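For reference, input.cif is printed below; it contains mmCIF, C-alpha atoms.
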```cif
data_start
loop_
_atom_site.label_atom_id
_atom_site.label_comp_id
_atom_site.auth_asym_id
_atom_site.auth_seq_id
_atom_site.Cartn_x
_atom_site.Cartn_y
_atom_site.Cartn_z
CA MET A 1 6.43 149.61 129.02
CA PRO A 2 3.38 147.29 129.31
CA GLN A 3 4.14 143.62 129.73
CA THR A 4 1.84 142.89 126.82
CA GLU A 5 4.24 144.43 124.35
CA TYR A 6 6.86 141.69 124.27
CA CYS A 7 8.08 138.79 126.33
CA HIS A 8 10.75 139.45 128.96
CA ASN A 9 11.26 135.79 129.82
CA LEU A 10 13.34 134.72 126.85
CA GLY A 11 16.94 135.82 126.52
CA PRO A 12 18.62 136.74 123.22
CA GLU A 13 20.70 133.56 123.39
CA GLN A 14 17.49 131.56 122.85
CA LEU A 15 16.64 133.58 119.77
CA SER A 16 20.03 133.82 118.04
CA SER A 17 19.54 130.62 116.04
CA PRO A 18 16.24 128.85 115.35
CA GLU A 19 15.84 125.41 116.85
CA LEU A 20 13.06 122.86 117.15
CA VAL A 21 10.49 123.74 119.79
CA THR A 22 8.02 121.09 120.91
CA LEU A 23 4.88 122.49 122.50
CA SER A 24 2.73 120.58 124.94
CA PRO A 25 -0.73 121.14 126.46
CA GLU A 26 0.96 121.62 129.84
CA ARG A 27 3.27 124.33 128.52
CA LEU A 28 0.42 126.20 126.84
CA TYR A 29 -1.78 125.94 129.95
CA LYS A 30 1.00 127.27 132.16
CA ASP A 31 1.76 130.14 129.80
CA ASN A 32 -1.91 131.08 129.36
CA GLN A 33 -2.43 131.17 133.12
CA SER A 34 0.79 133.05 133.88
CA TYR A 35 0.94 136.48 135.44
CA PRO A 36 2.07 138.18 132.18
CA ALA A 37 -0.85 136.57 130.32
CA TYR A 38 -3.30 137.60 133.05
CA ASN A 39 -2.12 141.21 132.78
CA ALA A 40 -2.14 141.16 128.99
CA ARG A 41 -5.70 139.85 128.80
CA GLY A 42 -6.85 142.39 131.37
CA GLU A 43 -5.36 145.29 129.45
CA TRP A 44 -6.76 144.01 126.15
CA ASP A 45 -10.24 143.47 127.62
CA ASP A 46 -10.25 146.92 129.24
CA LEU A 47 -9.44 148.64 125.94
CA HIS A 48 -12.03 146.47 124.19
CA ASP A 49 -14.72 147.60 126.65
CA LYS A 50 -13.75 151.24 126.02
CA GLY A 51 -13.81 150.81 122.23
CA GLU A 52 -10.12 151.75 122.05
CA LEU A 53 -8.70 148.70 120.29
CA ASP A 54 -7.35 148.98 116.76
CA LEU A 55 -8.03 146.29 114.19
CA ILE A 56 -4.92 145.05 112.41
CA TRP A 57 -5.62 143.27 109.14
CA GLY A 58 -2.22 141.86 108.34
CA CYS A 59 -0.26 139.15 106.64
CA ALA A 60 0.21 135.87 108.52
CA ASP A 61 4.00 136.20 108.17
CA ALA A 62 5.66 135.37 111.50
CA ARG A 63 8.10 138.28 111.24
CA LEU A 64 5.60 141.12 111.53
CA ILE A 65 6.16 143.26 114.63
CA LEU A 66 2.82 144.54 115.91
CA PRO A 67 1.42 146.03 119.13
CA ALA A 68 -0.54 143.68 121.37
CA ASN A 69 -3.59 145.84 122.05
CA ALA A 70 -5.51 145.18 118.85
CA PHE A 71 -7.86 142.78 117.14
CA TYR A 72 -5.75 140.59 114.86
CA LEU A 73 -7.00 139.33 111.50
CA ARG A 74 -4.12 137.44 109.92
CA SER A 75 -3.99 135.66 106.57
CA ILE A 76 -1.57 135.21 103.70
CA ALA A 77 -1.05 138.65 102.11
CA ALA A 78 -3.97 139.89 104.27
CA ALA A 79 -6.19 138.17 101.70
CA GLY A 80 -9.30 136.04 101.97
CA THR A 81 -13.06 136.40 102.20
CA ARG A 82 -13.70 139.54 104.26
CA GLU A 83 -17.47 139.58 104.80
CA PRO A 84 -17.50 137.37 107.94
CA PHE A 85 -15.15 139.80 109.68
CA ILE A 86 -17.05 143.01 108.86
CA PRO A 87 -19.05 142.98 112.15
CA LEU A 88 -15.77 143.38 114.06
CA LEU A 89 -15.31 146.84 112.54
CA GLN A 90 -17.93 148.35 114.83
CA PHE A 91 -15.83 147.51 117.90
CA CYS A 92 -12.56 149.19 116.86
CA ARG A 93 -11.39 152.79 116.70
CA GLY A 94 -9.63 152.28 113.36
CA VAL A 95 -8.40 149.67 110.88
CA THR A 96 -4.79 149.21 109.77
CA VAL A 97 -3.90 146.99 106.81
CA VAL A 98 -0.29 145.86 107.23
CA ALA A 99 1.82 144.69 104.29
CA HIS A 100 5.48 143.77 104.58
CA TYR A 101 8.60 143.54 102.50
CA ASP A 102 12.32 142.79 102.68
CA GLY A 103 14.01 146.17 103.05
CA GLU A 104 17.15 144.91 101.31
CA THR A 105 15.12 144.51 98.10
CA ALA A 106 13.52 147.98 98.38
CA LEU A 107 15.41 149.73 95.59
CA PRO A 108 14.31 152.79 93.59
CA GLY A 109 12.08 151.87 90.67
CA VAL A 110 11.69 148.23 91.74
CA ARG A 111 8.86 146.31 93.41
CA PRO A 112 10.16 145.03 96.78
CA ASN A 113 10.04 141.31 97.53
CA GLY A 114 9.58 139.42 100.78
CA CYS A 115 5.91 138.48 101.10
CA GLY A 116 5.32 134.91 99.98
CA GLY A 117 1.71 135.59 99.00
CA GLN A 118 2.63 138.59 96.87
CA ASP A 119 5.66 136.86 95.38
CA GLY A 120 3.45 133.88 94.54
CA LYS A 121 0.92 136.19 92.90
CA ALA A 122 3.70 137.82 90.86
CA HIS A 123 4.88 134.38 89.73
CA LEU A 124 1.37 133.42 88.61
CA GLU A 125 0.87 136.73 86.79
CA LYS A 126 4.19 136.33 84.98
CA ASN A 127 3.97 132.66 84.06
CA GLY A 128 0.22 132.17 83.76
CA ASN A 129 0.45 128.60 85.04
CA TYR A 130 -2.76 128.52 87.08
CA ASP A 131 -5.06 125.62 86.20
CA PRO A 132 -8.41 125.65 88.09
CA HIS A 133 -8.66 121.86 87.83
CA VAL A 134 -5.10 121.06 88.89
CA HIS A 135 -5.03 123.66 91.67
CA LYS A 136 -8.56 123.25 93.02
CA GLY A 137 -8.55 123.52 96.81
CA ASP A 138 -4.85 124.33 97.19
CA ILE A 139 -2.74 127.38 98.06
CA THR A 140 -2.28 128.31 94.40
CA GLU A 141 -6.05 128.68 94.03
CA PHE A 142 -6.16 130.89 97.15
CA VAL A 143 -3.40 133.16 95.83
CA HIS A 144 -4.87 133.34 92.34
CA ASN A 145 -8.42 134.11 93.45
CA LEU A 146 -8.02 136.10 96.66
CA VAL A 147 -4.68 137.96 96.70
CA THR A 148 -5.66 141.30 95.19
CA HIS A 149 -2.36 142.46 93.73
CA GLU A 150 1.19 141.17 93.34
CA ASP A 151 2.75 144.36 94.72
CA PRO A 152 2.82 144.52 98.56
CA VAL A 153 2.43 148.30 98.73
CA LEU A 154 -0.38 148.52 96.19
CA ASN A 155 -2.06 145.45 97.64
CA ALA A 156 -2.19 147.14 101.07
CA VAL A 157 -3.60 150.38 99.64
CA VAL A 158 -6.21 148.61 97.50
CA THR A 159 -7.20 146.31 100.38
CA ALA A 160 -7.57 149.31 102.70
CA SER A 161 -9.80 151.04 100.16
CA GLN A 162 -12.05 147.99 99.98
CA ILE A 163 -12.34 147.65 103.77
CA ALA A 164 -12.91 151.40 104.25
CA ARG A 165 -16.29 151.14 102.52
CA TYR A 166 -17.66 149.19 105.49
CA THR A 167 -16.66 151.50 108.34
CA ASP A 168 -16.90 155.10 109.52
CA THR A 169 -13.54 154.80 111.31
CA PRO A 170 -10.26 155.67 109.53
CA THR A 171 -8.64 152.88 107.52
CA THR A 172 -4.88 153.02 107.05
CA ALA A 173 -2.51 151.15 104.74
CA LEU A 174 0.91 150.48 106.23
CA ALA A 175 4.06 148.80 104.90
CA GLN A 176 6.58 147.26 107.29
CA ASP A 177 10.16 146.32 106.54
CA HIS A 178 10.15 142.97 108.31
CA LEU A 179 13.94 143.04 108.70
CA THR A 180 13.94 146.16 110.88
CA GLY A 181 10.27 146.48 111.93
CA LYS A 182 10.17 150.04 110.60
CA ASN A 183 6.80 151.19 109.26
CA LYS A 184 5.69 153.49 106.46
CA VAL A 185 2.19 154.93 106.22
CA LEU A 186 0.98 154.59 102.64
CA ALA A 187 -2.60 155.88 102.69
CA VAL A 188 -5.38 156.91 105.04
CA TYR A 189 -9.05 156.49 104.03
CA SER A 190 -11.99 158.18 105.73
CA ASP A 191 -15.67 158.86 105.05
CA ARG A 192 -16.19 155.21 104.06
CA GLY A 193 -13.43 155.38 101.49
CA ARG A 194 -14.66 158.51 99.75
CA SER A 195 -11.77 160.56 101.08
CA VAL A 196 -8.16 159.41 100.78
CA ASN A 197 -4.71 160.78 101.50
CA SER A 198 -2.24 158.56 99.65
CA CYS A 199 1.43 158.66 98.72
CA ILE A 200 0.75 156.52 95.63
CA PRO A 201 0.30 158.52 92.39
CA ILE A 202 -3.42 158.48 91.68
CA GLU A 203 -3.02 157.23 88.12
CA GLN A 204 -1.00 154.25 89.38
CA LEU A 205 -3.58 153.49 92.03
CA ILE A 206 -6.38 153.55 89.43
CA LYS A 207 -4.38 151.19 87.22
CA ALA A 208 -3.80 148.83 90.12
CA MET A 209 -7.48 148.81 91.09
CA THR A 210 -8.98 148.52 87.62
CA GLN A 211 -6.39 146.77 85.46
CA ASN A 212 -4.09 145.01 87.96
CA ASN A 213 -1.35 146.98 86.21
CA TYR A 214 1.06 149.73 87.26
CA ASP A 215 4.50 151.25 86.70
CA PRO A 216 6.94 150.30 89.49
CA GLN A 217 9.33 153.05 88.42
CA ALA A 218 6.64 155.63 89.14
CA VAL A 219 5.52 154.11 92.46
CA TYR A 220 9.06 153.47 93.75
CA ALA A 221 10.88 156.41 92.21
CA GLU A 222 12.62 157.04 95.54
CA GLY A 223 12.17 153.61 97.13
CA VAL A 224 9.15 152.57 99.21
CA PRO A 225 7.00 155.73 99.47
CA ALA A 226 5.41 157.14 102.63
CA LEU A 227 3.10 159.96 103.67
CA ASP A 228 4.61 162.96 105.42
CA THR A 229 4.30 162.65 109.18
CA GLY A 230 2.41 165.95 109.30
CA SER A 231 -0.45 164.48 107.28
CA ILE A 232 -0.94 161.38 109.47
CA PRO A 233 -3.98 161.39 111.84
CA GLU A 234 -3.22 161.59 115.55
CA TYR A 235 -4.44 158.07 116.34
CA ILE A 236 -2.19 156.65 113.60
CA ALA A 237 0.77 158.54 115.04
CA GLU A 238 -0.08 157.04 118.45
CA LEU A 239 -0.30 153.54 116.93
CA LEU A 240 3.12 154.03 115.31
CA GLU A 241 4.56 155.12 118.65
CA ARG A 242 3.23 151.93 120.23
CA LYS A 243 4.87 149.96 117.45
CA GLU A 244 8.12 151.78 118.15
CA ARG A 245 7.91 150.84 121.83
CA VAL A 246 7.47 147.21 120.83
CA LEU A 247 10.41 147.49 118.46
CA ARG A 248 12.71 149.05 121.06
CA GLY A 249 11.99 146.19 123.43
CA ILE A 250 12.67 143.59 120.76
CA ASN A 251 15.89 145.29 119.66
CA SER A 252 17.14 145.18 123.24
CA ALA A 253 16.65 141.39 123.27
CA ILE A 254 17.75 140.71 119.68
CA PRO A 255 20.66 143.03 118.86
CA ASN A 256 21.01 141.74 115.29
CA LEU A 257 17.34 141.87 114.39
CA PRO A 258 17.71 142.01 110.56
CA SER A 259 19.72 138.78 110.59
CA TYR A 260 17.17 137.08 112.87
CA GLN A 261 14.32 138.23 110.62
CA LYS A 262 15.89 137.45 107.25
CA ILE A 263 14.31 133.99 107.01
CA GLN A 264 10.78 133.24 108.15
CA ASN A 265 11.21 130.27 110.47
CA PRO A 266 8.44 129.93 113.10
CA HIS A 267 8.10 126.88 115.30
CA THR A 268 4.28 126.96 115.26
CA LEU A 269 1.39 127.36 112.85
CA LEU A 270 -1.50 128.81 114.86
CA ILE A 271 -5.06 128.56 113.54
CA SER A 272 -7.45 130.47 115.76
CA THR A 273 -10.92 132.00 115.79
CA ASP A 274 -10.01 134.20 118.77
CA PRO A 275 -9.29 137.87 117.89
CA ARG A 276 -6.60 138.35 120.54
CA PRO A 277 -2.95 138.25 119.46
CA ALA A 278 -1.12 135.04 120.34
CA LYS A 279 1.34 137.00 122.49
CA VAL A 280 -1.52 138.24 124.68
CA LYS A 281 -2.63 134.67 125.44
CA TYR A 282 0.78 132.95 125.41
CA PRO A 283 3.43 135.64 126.03
CA ASN A 284 6.21 133.23 126.94
CA THR A 285 5.65 131.06 123.86
CA PHE A 286 4.84 133.62 121.16
CA GLY A 287 6.20 136.84 122.69
CA PHE A 288 8.84 137.52 120.02
CA PRO A 289 8.57 137.80 116.23
CA ASN A 290 9.34 134.82 113.99
CA GLN A 291 7.80 132.31 116.38
CA VAL A 292 4.25 131.83 115.06
CA PHE A 293 2.65 131.86 111.62
CA ALA A 294 -0.88 132.94 112.51
CA LEU A 295 -4.11 132.34 110.59
CA ARG A 296 -7.40 133.75 111.85
CA GLY A 297 -10.67 132.02 111.00
CA PRO A 298 -14.06 133.73 111.29
CA ARG A 299 -16.62 132.45 113.75
CA MET A 300 -20.27 132.78 112.82
CA TYR A 301 -23.09 132.77 115.35
CA HIS A 302 -25.78 130.11 114.92
CA GLN A 303 -28.79 130.27 117.20
CA ASP A 304 -28.83 126.54 117.89
CA ARG A 305 -25.06 125.88 117.90
CA GLY A 306 -23.45 129.10 119.15
CA PHE A 307 -20.24 130.33 117.50
CA GLN A 308 -19.05 128.04 114.72
CA ILE A 309 -16.71 128.21 111.74
CA ASN A 310 -18.26 127.36 108.38
CA GLU A 311 -16.97 125.11 105.61
CA PRO A 312 -15.83 127.87 103.19
CA ALA A 313 -13.73 129.42 105.96
CA ILE A 314 -12.23 126.04 106.83
CA ALA A 315 -11.37 125.53 103.15
CA GLU A 316 -9.51 128.87 103.02
CA ILE A 317 -7.62 128.09 106.23
CA THR A 318 -6.60 124.68 104.87
CA GLN A 319 -5.34 126.24 101.65
CA GLN A 320 -3.21 128.71 103.59
CA ALA A 321 -1.91 126.06 105.98
CA GLN A 322 -0.56 124.23 102.94
CA TYR A 323 1.85 127.13 102.34
CA ALA A 324 3.51 126.76 105.74
CA VAL A 325 3.41 122.96 105.88
CA THR A 326 4.82 122.32 102.41
CA HIS A 327 7.68 124.73 103.10
CA ALA A 328 8.36 122.84 106.33
CA LEU A 329 8.45 119.57 104.41
CA GLU A 330 10.71 120.96 101.70
CA HIS A 331 13.19 122.42 104.20
CA ALA A 332 12.98 119.91 107.06
CA GLN A 333 16.56 118.76 106.45
CA GLN A 334 17.90 122.25 105.70
CA PRO A 335 18.48 124.09 109.01
CA GLY A 336 18.15 127.83 108.67
CA SER A 337 15.78 127.60 105.71
CA SER A 338 12.24 128.96 105.75
CA PHE A 339 9.89 126.96 108.02
CA SER A 340 12.60 124.36 108.70
CA THR A 341 11.77 124.42 112.45
CA LEU A 342 7.97 124.26 112.03
CA ARG A 343 6.77 121.20 113.96
CA ASN A 344 3.66 122.40 115.83
CA ILE A 345 0.18 123.05 114.51
CA PHE A 346 -2.06 124.52 117.19
CA VAL A 347 -5.78 124.85 116.44
CA GLU A 348 -7.84 126.82 118.98
CA THR A 349 -11.53 127.68 118.66
CA ARG A 350 -14.49 128.42 120.92
CA HIS A 351 -15.99 124.92 120.60
CA SER A 352 -14.45 121.49 120.19
CA ASP A 353 -16.48 120.64 117.09
CA SER A 354 -15.00 123.66 115.26
CA SER A 355 -11.46 122.58 116.13
CA GLU A 356 -12.30 119.03 115.08
CA ALA A 357 -13.67 120.23 111.73
CA ILE A 358 -10.51 122.21 110.96
CA ILE A 359 -8.24 119.34 111.99
CA HIS A 360 -10.30 116.87 109.94
CA SER A 361 -9.84 119.09 106.89
CA LEU A 362 -6.09 119.30 107.47
CA LEU A 363 -5.74 115.55 107.97
CA SER A 364 -7.52 114.89 104.68
CA LYS A 365 -4.55 116.36 102.79
CA PRO A 366 -1.57 114.18 101.79
CA TRP A 367 0.87 116.99 102.66
CA MET A 368 -0.41 116.96 106.23
CA GLN A 369 0.16 113.25 106.55
CA ASP A 370 3.71 113.75 105.25
CA PHE A 371 4.24 116.54 107.77
CA LEU A 372 3.14 114.39 110.70
CA ALA A 373 5.72 111.79 109.65
CA LEU A 374 8.48 114.29 110.47
CA PRO A 375 10.19 113.77 113.87
CA HIS A 376 8.43 115.80 116.61
CA ALA A 377 5.68 117.05 114.28
CA GLN A 378 2.28 117.28 115.98
CA ILE A 379 -1.18 118.83 116.07
CA LEU A 380 -2.59 120.34 119.25
CA SER A 381 -6.28 121.14 119.69
CA GLY A 382 -7.46 123.81 122.13
CA ILE A 383 -10.68 125.38 123.36
CA ILE A 384 -10.33 129.12 123.93
CA ASP A 385 -12.93 131.38 125.57
CA GLN A 386 -12.31 135.08 126.24
CA GLY A 387 -8.62 134.46 125.72
CA ILE A 388 -8.50 131.73 128.38
CA LEU A 389 -7.45 128.22 127.38
CA GLN A 390 -10.17 125.87 128.62
CA ASP A 391 -8.86 122.61 127.22
CA CYS A 392 -5.86 121.46 125.19
CA GLN A 393 -4.95 118.05 123.86
CA LYS A 394 -2.41 116.51 121.55
CA ILE A 395 -4.11 114.84 118.60
CA THR A 396 -3.25 111.21 118.09
CA VAL A 397 -3.39 110.15 114.43
#
```

Rewrite the coordinates I just gave you, this time as structure tokens.
Amino acid sequence: MPQTEYCHNLGPEQLSSPELVTLSPERLYKDNQSYPAYNARGEWDDLHDKGELDLIWGCADARLILPANAFYLRSIAAAGTREPFIPLLQFCRGVTVVAHYDGETALPGVRPNGCGGQDGKAHLEKNGNYDPHVHKGDITEFVHNLVTHEDPVLNAVVTASQIARYTDTPTTALAQDHLTGKNKVLAVYSDRGRSVNSCIPIEQLIKAMTQNNYDPQAVYAEGVPALDTGSIPEYIAELLERKERVLRGINSAIPNLPSYQKIQNPHTLLISTDPRPAKVKYPNTFGFPNQVFALRGPRMYHQDRGFQINEPAIAEITQQAQYAVTHALEHAQQPGSSFSTLRNIFVETRHSDSSEAIIHSLLSKPWMQDFLALPHAQILSGIIDQGILQDCQKITV
């Protein structure tokens, strides 16, 4: 099994109960320059050069279990402005949109819970308490405007259909039970979205796409649906096998995986413009699930300034960061609660001015100031180039 798939250097005793982890520039440097990281980057770069990387467009949730050899685009509920990322599609062999849910809530006839973005969307749809003036610039605005659908399964299928229009490669919608890491293929689009093989009844899919409405009893008549394995393209079957290899390795290190995964409790919020998974660059720090809540920002090329991140993208990242940080504040004194161990915010971009712009936006928010008042809470700023950490500093506020 490739060393990129999961980290061998942490024992299950270190993962049995979440605890505070304080990162440092020295630790990140050492990890990034370690032999496992060197191998992981080499494997990733080799597949990139061959055009054999997949692109995974997935939720930022720390519990997702994904293969390392892929482009990662992570955001809350896999939502956000997509246009800046479209150029990446030409470099991948296929796109997979990954939703997730709590398998214990996956009952026949019922929408499964477990994704904070989707659950937040459902709350807004039910209560109608969105106020564009009150919620301007915050996470509620992001969820209201950019999360497509409240249902995790339908949201993945609709999102895949939208992305498929931009690429000639297959686009797949996948749902993962984040307790067990098991995956279900929901739909496969081809021919730029004009051809689809889906397990969702077509009338329900049309309702979801045109009216934001559907019948959960029809969609989940027998629980979370899935395509028959015989109708899944070969490359998707190979991707699922890679996921299974990852899962077997994790299960060997974490025997009671569902218990470990029940609560999302990462020690780090990572904001990055680099497309490589965190576990490729820092395998000893982020090699297992439930360690990092990852947000990917787009980098745009400017002739006079090189790769930069623009203000709208920074605004979306800041909105999403609020979700993780406010949960950390709410649960800081409640061990075992969601985000109760979050104390590190690590921002890494290609250029220092991009990192500075993101950090400046975060520091302008009162909730960030409250977060930094927590014991051991900190922001780290890094410069990353081709997956190699060039510089890293702790920000002094």

Query raised in the report: So which one's closest to Pro289 in chain A, A:Ser231, A:Thr96, A:Thr326, A:Thr180? Using all atoms listed in the file, please.
Result: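 Using all atoms listed in the file, the shortest distance to Pro289 in chain A belongs to A:Thr180.
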
Query raised in the report: Using only C-alpha atoms, which of A:Pro277, A:Gly116, A:Gly387, A:Pro298 sits nearest Ala324 in chain A?
Result: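 Distance minimum relative to Ala324 in chain A lands on A:Gly116.
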
**Report entry** Picked residues, the PyMOL selection byres ((chain A and resi 66) around 8), expected as a list of chain:residue names
**Finding:** A:Leu64, A:Ile65, A:Pro67, A:Ala68, A:Lys243, A:Val246

**Report entry** Atomic separation - CA of Leu270 in chain A relative to CA of Glu356 in chain A, Å
**Finding:** 14.6 Å

Query raised in the report: Pick from A:Asn344, A:Gln291, A:Thr273, A:Ser364: nearest to Ala377 in chain A, with all atoms listed in the file counted?
Result: A:Asn344

Query raised in the report: Do you know which residues the PyMOL selection byres ((chain A and resi 208) around 12) returns on this file, as a PyMOL selection string?
Result: chain A and resi 148-159+161+200-207+209-216+219

Report summary line: From CA of Ala99 in chain A to CA of Ala160 in chain A the spacing works out at 10.6 Å

Requested in this report: Determine the nearest neighbour of Asn310 in chain A from the options A:Ile250, A:Leu257, A:Ser354, A:Ala294, counting all atoms listed in the file.
Outcome: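 For Asn310 in chain A, the nearest of the candidates is A:Ser354.
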
Report task. Step by step, work through what the PyMOL selection byres ((chain A and resi 58) around 12) selects in the shown file, and finish by giving those residues as a VMD selection string. Result -> chain A and resid 55 to 57 59 to 66 70 to 80 95 to 100 115 117 152 155 to 156 159 to 160 172 to 176 277 293 to 296

Convert the current residue selection to file output with C-alpha atoms, as a compact mmCIF listing (two decimals), in the coordinates of the input.
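Contents of again-v7.txt, freshly written:
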```txt
# COMPACT_ATOMS: atom_id res chain seq x y z
CA LEU A 55 -8.03 146.29 114.19
CA ILE A 56 -4.92 145.05 112.41
CA TRP A 57 -5.62 143.27 109.14
CA CYS A 59 -0.26 139.15 106.64
CA ALA A 60 0.21 135.87 108.52
CA ASP A 61 4.00 136.20 108.17
CA ALA A 62 5.66 135.37 111.50
CA ARG A 63 8.10 138.28 111.24
CA LEU A 64 5.60 141.12 111.53
CA ILE A 65 6.16 143.26 114.63
CA LEU A 66 2.82 144.54 115.91
CA ALA A 70 -5.51 145.18 118.85
CA PHE A 71 -7.86 142.78 117.14
CA TYR A 72 -5.75 140.59 114.86
CA LEU A 73 -7.00 139.33 111.50
CA ARG A 74 -4.12 137.44 109.92
CA SER A 75 -3.99 135.66 106.57
CA ILE A 76 -1.57 135.21 103.70
CA ALA A 77 -1.05 138.65 102.11
CA ALA A 78 -3.97 139.89 104.27
CA ALA A 79 -6.19 138.17 101.70
CA GLY A 80 -9.30 136.04 101.97
CA VAL A 95 -8.40 149.67 110.88
CA THR A 96 -4.79 149.21 109.77
CA VAL A 97 -3.90 146.99 106.81
CA VAL A 98 -0.29 145.86 107.23
CA ALA A 99 1.82 144.69 104.29
CA HIS A 100 5.48 143.77 104.58
CA CYS A 115 5.91 138.48 101.10
CA GLY A 117 1.71 135.59 99.00
CA PRO A 152 2.82 144.52 98.56
CA ASN A 155 -2.06 145.45 97.64
CA ALA A 156 -2.19 147.14 101.07
CA THR A 159 -7.20 146.31 100.38
CA ALA A 160 -7.57 149.31 102.70
CA THR A 172 -4.88 153.02 107.05
CA ALA A 173 -2.51 151.15 104.74
CA LEU A 174 0.91 150.48 106.23
CA ALA A 175 4.06 148.80 104.90
CA GLN A 176 6.58 147.26 107.29
CA PRO A 277 -2.95 138.25 119.46
CA PHE A 293 2.65 131.86 111.62
CA ALA A 294 -0.88 132.94 112.51
CA LEU A 295 -4.11 132.34 110.59
CA ARG A 296 -7.40 133.75 111.85
```

Query raised in the report: Between CA of Leu269 in chain A and CA of Phe339 in chain A, what is the spacing in Å?
Result: 9.8 Å

Query raised in the report: Quick one: of A:Gly297, A:Pro266, A:Pro87, A:Pro283, who's nearest to Ala40 in chain A, counting only C-alpha atoms?
Result: A:Pro283

With all atoms listed in the file as the counted atoms, please give the residues lying no more than 7 Å from Asn113 in chain A, apart from itself and same-chain residues fewer than 6 positions off, as a PDB file with C-alpha atoms, keeping the file's coordinate frame.
```pdb
ATOM      1  CA  TYR A 101       8.600 143.540 102.500  1.00  0.00           C
ATOM      2  CA  ASP A 102      12.320 142.790 102.680  1.00  0.00           C
ATOM      3  CA  THR A 105      15.120 144.510  98.100  1.00  0.00           C
ATOM      4  CA  ASP A 119       5.660 136.860  95.380  1.00  0.00           C
TER       5      ASP A 119
END
```

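By chain and then residue number, the residues within 12 Å of His331 in chain A are A:Ile263, A:Gln264, A:Asn265, A:Ala324, A:Val325, A:Thr326, A:Gly336, A:Ser337, A:Ser338, A:Phe339, A:Ser340, A:Thr341, A:Leu342, A:Arg343, A:Phe371, A:Leu374, counting only C-alpha atoms and disregarding those fewer than 5 positions away in sequence.
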
Query raised in the report: Got a sec to check which residues sit within 9 Å of (-4.5, 129.9, 128.7), counting all atoms listed in the file, and write them as a PyMOL selection string?
Result: chain A and resi 28-34+37-38+281-282+384+387-391

With 12 Å as the cut-off and only C-alpha atoms counted, what is the closest atom pair between each nearby residue of range 218-259 of chain A and range 183-187 of chain A? Distances in Å to one decimal, ordered by chain and number, as a Markdown table.
```
| residue | atom | partner | partner_atom | distance |
| --- | --- | --- | --- | --- |
| A:Val219 | CA | A:Leu186 | CA | 11.2 |
| A:Gly223 | CA | A:Lys184 | CA | 11.4 |
| A:Val224 | CA | A:Lys184 | CA | 8.1 |
| A:Pro225 | CA | A:Leu186 | CA | 6.9 |
| A:Ala226 | CA | A:Leu186 | CA | 5.1 |
| A:Leu227 | CA | A:Val185 | CA | 5.7 |
| A:Asp228 | CA | A:Val185 | CA | 8.4 |
| A:Thr229 | CA | A:Val185 | CA | 8.5 |
| A:Gly230 | CA | A:Val185 | CA | 11.4 |
| A:Ser231 | CA | A:Val185 | CA | 10.0 |
| A:Ile232 | CA | A:Val185 | CA | 7.9 |
| A:Pro233 | CA | A:Val185 | CA | 10.6 |
| A:Ile236 | CA | A:Val185 | CA | 8.8 |
| A:Ala237 | CA | A:Val185 | CA | 9.6 |
| A:Leu239 | CA | A:Asn183 | CA | 10.7 |
| A:Leu240 | CA | A:Asn183 | CA | 7.6 |
| A:Glu241 | CA | A:Asn183 | CA | 10.4 |
| A:Arg242 | CA | A:Asn183 | CA | 11.6 |
| A:Lys243 | CA | A:Asn183 | CA | 8.5 |
| A:Glu244 | CA | A:Asn183 | CA | 9.0 |
| A:Leu247 | CA | A:Asn183 | CA | 10.6 |
```

**Report entry** Top pick for closest residue to Gly109 in chain A, considering A:Glu52, A:Glu222, A:Asp385, A:Asp191 and counting all atoms listed in the file
**Finding:**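 Once distances to Gly109 in chain A are computed over all atoms listed in the file, the minimum belongs to A:Glu222.
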